[in-house]
Amino acid sequence: MNFKDRLFVLSGLLLMALSAIADGRAKYVFYFIGDGMGVNQVNAAETYLGAMEGRIGIKDLCFPSFPYSAFVNTQSATNGVTDSAAGGTALSTGHKTINGALGVLKDKTTAVSSIADWARESGAAVGITTSVSVDHATPAAFYAHVGSRGESYTIGTQLVNSGNDFYAGSDFVSAENPEKGGPDLYVQAAEKGFTIARGYKDYQKKAKKADRMILLQSEEASKKDKHSIPYAIDRGKNDLSLSDITRAAINFLTKKQGEKDGFFLMVEGGKIDWACHANDMCFIHELIDMDNAVKVAYEFYQQHPDETLIVVTADHETGGVVLGRNKYELHLDVVGNQRMSIDRLGKELHKMHDTYGEKYDWNVVRNYLAENFGFWNRVELSDKQTKRLEKAFEYIQKGKGESQESLYQKDDELAVAVKNIQAECALVGWQVTGHSNGYVPCFAIGVGAEQFHGRIDNTEICKRMANAAGYVVK
């Protein structure tokens, strides 16, 4: 491109920017969804940070400090308690549907368009990202139309055939083509012009020449678990993070500005929900991790305050978490001693059993729990609590232990005892291992943020965002 052509492009971009400022619309739109993130999950994270400073009270996170906020109703078209598919569909399309359905009305057939479609048809670049698989319920609600969220391969083909520019997540859950010898989703994606990057460094190498992009975790990480990137508390230095994903998405979508007018980006913090399904207090670290991703967007907002809208909300609450157990006290500092997720704890204990062999006894386990959960040395346990842990260990050793299964993991009796006792010590209560109909919060900053206040239905959020951005709602 010669100097004259570059000058022409720069002039066009300047005129577009001035036009966006003049008409007061949000040129850059961020939509963060904390899956399972109820009001108490947010409160717990800020209260935990305060407790880690040795005081009662909260330490502000970024997004709860936004100037506008609202309470959101989450029931689906057919259920008082929504699932993520129906919740995601309401947030993305403005239509309620039956639990389990994505991008269709409650007849499970009539397709409805999403804010991602409205943005793309208005000329914006579009990114859809998550910390779980790219074909999971929440991201799929922005591009797929199926009667059941379980149709992973079909959802994947709809991703590949969408007109969107950027996707990111752990991987495809069902990439293999059910037709014998047919191309898998990776091949199909490449045929549709997508470049696939594995990890953030690989993204940096490939982004410049890519027209469309799918950012996934490394193949090594996917061999361990393709359904999600690791929990923040379990993450290694080479693991993909939600902040990496958000940073890459902004970089890529901004790169599209020569041919697109602004961008729309959805970012899901998906494992808040997973931790809450398991009644694992590591949900606090997941929520803080999503806040770190929001900070990446907030830095962009600070550079473009007159053209950017950031909205942060949730599809539903998970776990029915209660902060307090009759004593009028709360000890979230206990959570600061947790060094791994409950899911990883169970796996590590089984590895230790194989490693120690006959020497694997209660003292080995006790020392491990002291090191990784602070029990006995930093977290005081009663004799009864200690006995419960020892008894659970003995049951497992005798092959009599009973496991507890939640939506995304199965914990053995000892892991269950650990998380229950930790919650008791922190004075936190869990009501369910599923979802609840508790209010979820909505926080907003930027162009059009004043629309997000009071009590609103989940179907209104995408419409108000569209209004701020000038998208045509269909």
# chains A, B, ... in the order shown; residues from 1 in each chain; ligands from 1
$ residues_around --residues "segment 312-326 of chain A" --least-positions-apart "6" --cutoff "7 Å" --atoms "only C-alpha atoms" --output "VMD selection string"
chain A and resid 31 to 38 40 74 82 84 87 to 88 273 276 to 277 279 427 to 438 440 to 444
$ select_by_dssp --residues "segment 189-367 of chain A" --states "helix (DSSP H, G or I)" --output "count of residues only"
97
$ atom_distance --atom1 "atom CA of Arg198 of chain A" --atom2 "atom CA of Pro183 of chain A"
19.3 Å
$ residues_around --residues "segment 281-284 of chain A" --least-positions-apart "4" --cutoff "6 Å" --atoms "only C-alpha atoms" --output "list in words"
Ala45, Ile272 and Ala275 of chain A
$ write_last_selection --atoms "N, CA, C and O atoms" --output "PDB file, in the first residue's frame"
ATOM      1  N   ALA A  45     -16.118 -12.414  46.599  1.00  0.00           N
ATOM      2  CA  ALA A  45     -14.787 -12.120  46.074  1.00  0.00           C
ATOM      3  C   ALA A  45     -14.224 -10.834  46.667  1.00  0.00           C
ATOM      4  O   ALA A  45     -13.055 -10.770  47.071  1.00  0.00           O
ATOM      5  N   ILE A 272     -16.638 -19.980  36.801  1.00  0.00           N
ATOM      6  CA  ILE A 272     -17.296 -19.577  38.049  1.00  0.00           C
ATOM      7  C   ILE A 272     -18.421 -20.579  38.311  1.00  0.00           C
ATOM      8  O   ILE A 272     -18.593 -21.092  39.411  1.00  0.00           O
ATOM      9  N   ALA A 275     -17.168 -24.193  39.324  1.00  0.00           N
ATOM     10  CA  ALA A 275     -16.753 -24.270  40.721  1.00  0.00           C
ATOM     11  C   ALA A 275     -17.955 -24.250  41.654  1.00  0.00           C
ATOM     12  O   ALA A 275     -18.001 -24.988  42.647  1.00  0.00           O
TER      13      ALA A 275
END
$ residues_around --residues "segment 146-154 of chain A" --least-positions-apart "4" --cutoff "12 Å" --atoms "only C-alpha atoms" --output "number ranges by chain"
A: 83-89, 97-112, 133-142, 158-161, 171-179, 184-186, 188, 227
$ residues_around --residues "Ile56 of chain A" --least-positions-apart "3" --cutoff "8 Å" --atoms "only C-alpha atoms" --output "PDB file with N, CA, C and O atoms, in the first residue's frame"
ATOM      1  N   THR A  47     -15.204  -9.384  49.497  1.00  0.00           N
ATOM      2  CA  THR A  47     -15.039  -9.569  50.934  1.00  0.00           C
ATOM      3  C   THR A  47     -13.802 -10.409  51.237  1.00  0.00           C
ATOM      4  O   THR A  47     -13.071 -10.155  52.199  1.00  0.00           O
ATOM      5  N   GLY A  50     -10.803  -8.227  51.008  1.00  0.00           N
ATOM      6  CA  GLY A  50     -10.696  -7.443  52.232  1.00  0.00           C
ATOM      7  C   GLY A  50     -10.142  -8.272  53.378  1.00  0.00           C
ATOM      8  O   GLY A  50      -9.269  -7.821  54.136  1.00  0.00           O
ATOM      9  N   ALA A  51     -10.629  -9.520  53.499  1.00  0.00           N
ATOM     10  CA  ALA A  51     -10.165 -10.408  54.566  1.00  0.00           C
ATOM     11  C   ALA A  51      -8.684 -10.721  54.429  1.00  0.00           C
ATOM     12  O   ALA A  51      -7.967 -10.861  55.430  1.00  0.00           O
TER      13      ALA A  51
END
$ atom_distance --atom1 "atom CA of Glu299 of chain A" --atom2 "atom CA of Gly262 of chain A"
16.5 Å
$ atom_distance --atom1 "atom CA of Ser241 of chain A" --atom2 "atom CA of Leu253 of chain A"
18.3 Å
$ closest_residue --among "A:Gln302, A:Phe194, A:Lys256, A:Asp261" --to "Tyr471 of chain A" --atoms "only C-alpha atoms"
A:Asp261
$ residues_around --residues "Thr254 of chain A" --least-positions-apart "3" --cutoff "12 Å" --atoms "only C-alpha atoms" --output "JSON, numbers by chain"
{"A": [13, 27, 28, 29, 124, 125, 126, 127, 165, 166, 207, 208, 247, 248, 249, 250, 251, 257, 258, 259, 260, 261, 262, 263, 264, 265, 300]}
$ select_by_dssp --residues "segment 48-237 of chain A" --states "strand (DSSP E)" --output "list in words"
Tyr68, Ser69, Ala70, Phe71, Val72, Asn73, Ala125, Val126, Gly127, Ile128, Thr129, Thr130, Phe166, Tyr167, Ala168, Phe194, Thr195, Ile196, Ala197, Arg198, Arg212, Met213, Ile214, Leu215 and Leu216 of chain A
$ closest_residue --among "A:Leu369, A:Ala221, A:Ala417, A:Leu242" --to "Asp291 of chain A" --atoms "only C-alpha atoms"
A:Leu242
$ closest_residue --among "A:Asp333, A:Glu394, A:Asp280, A:Asp244" --to "Val296 of chain A" --atoms "only C-alpha atoms"
A:Asp244
$ closest_residue --among "A:Gly181, A:Gly193, A:Pro67, A:Gly169" --to "Leu216 of chain A" --atoms "only C-alpha atoms"
A:Gly169
$ closest_residue --among "A:Ser162, A:Asn458, A:Thr157, A:Asn372" --to "Tyr143 of chain A" --atoms "only C-alpha atoms"
A:Ser162
$ residues_around --residues "Gln338 of chain A" --least-positions-apart "4" --cutoff "12 Å" --atoms "only C-alpha atoms" --output "MDAnalysis selection string"
chainID A and resid 233:234 280:285 332:334 342 344:345 368:375 378:379 418:419 422:423 426
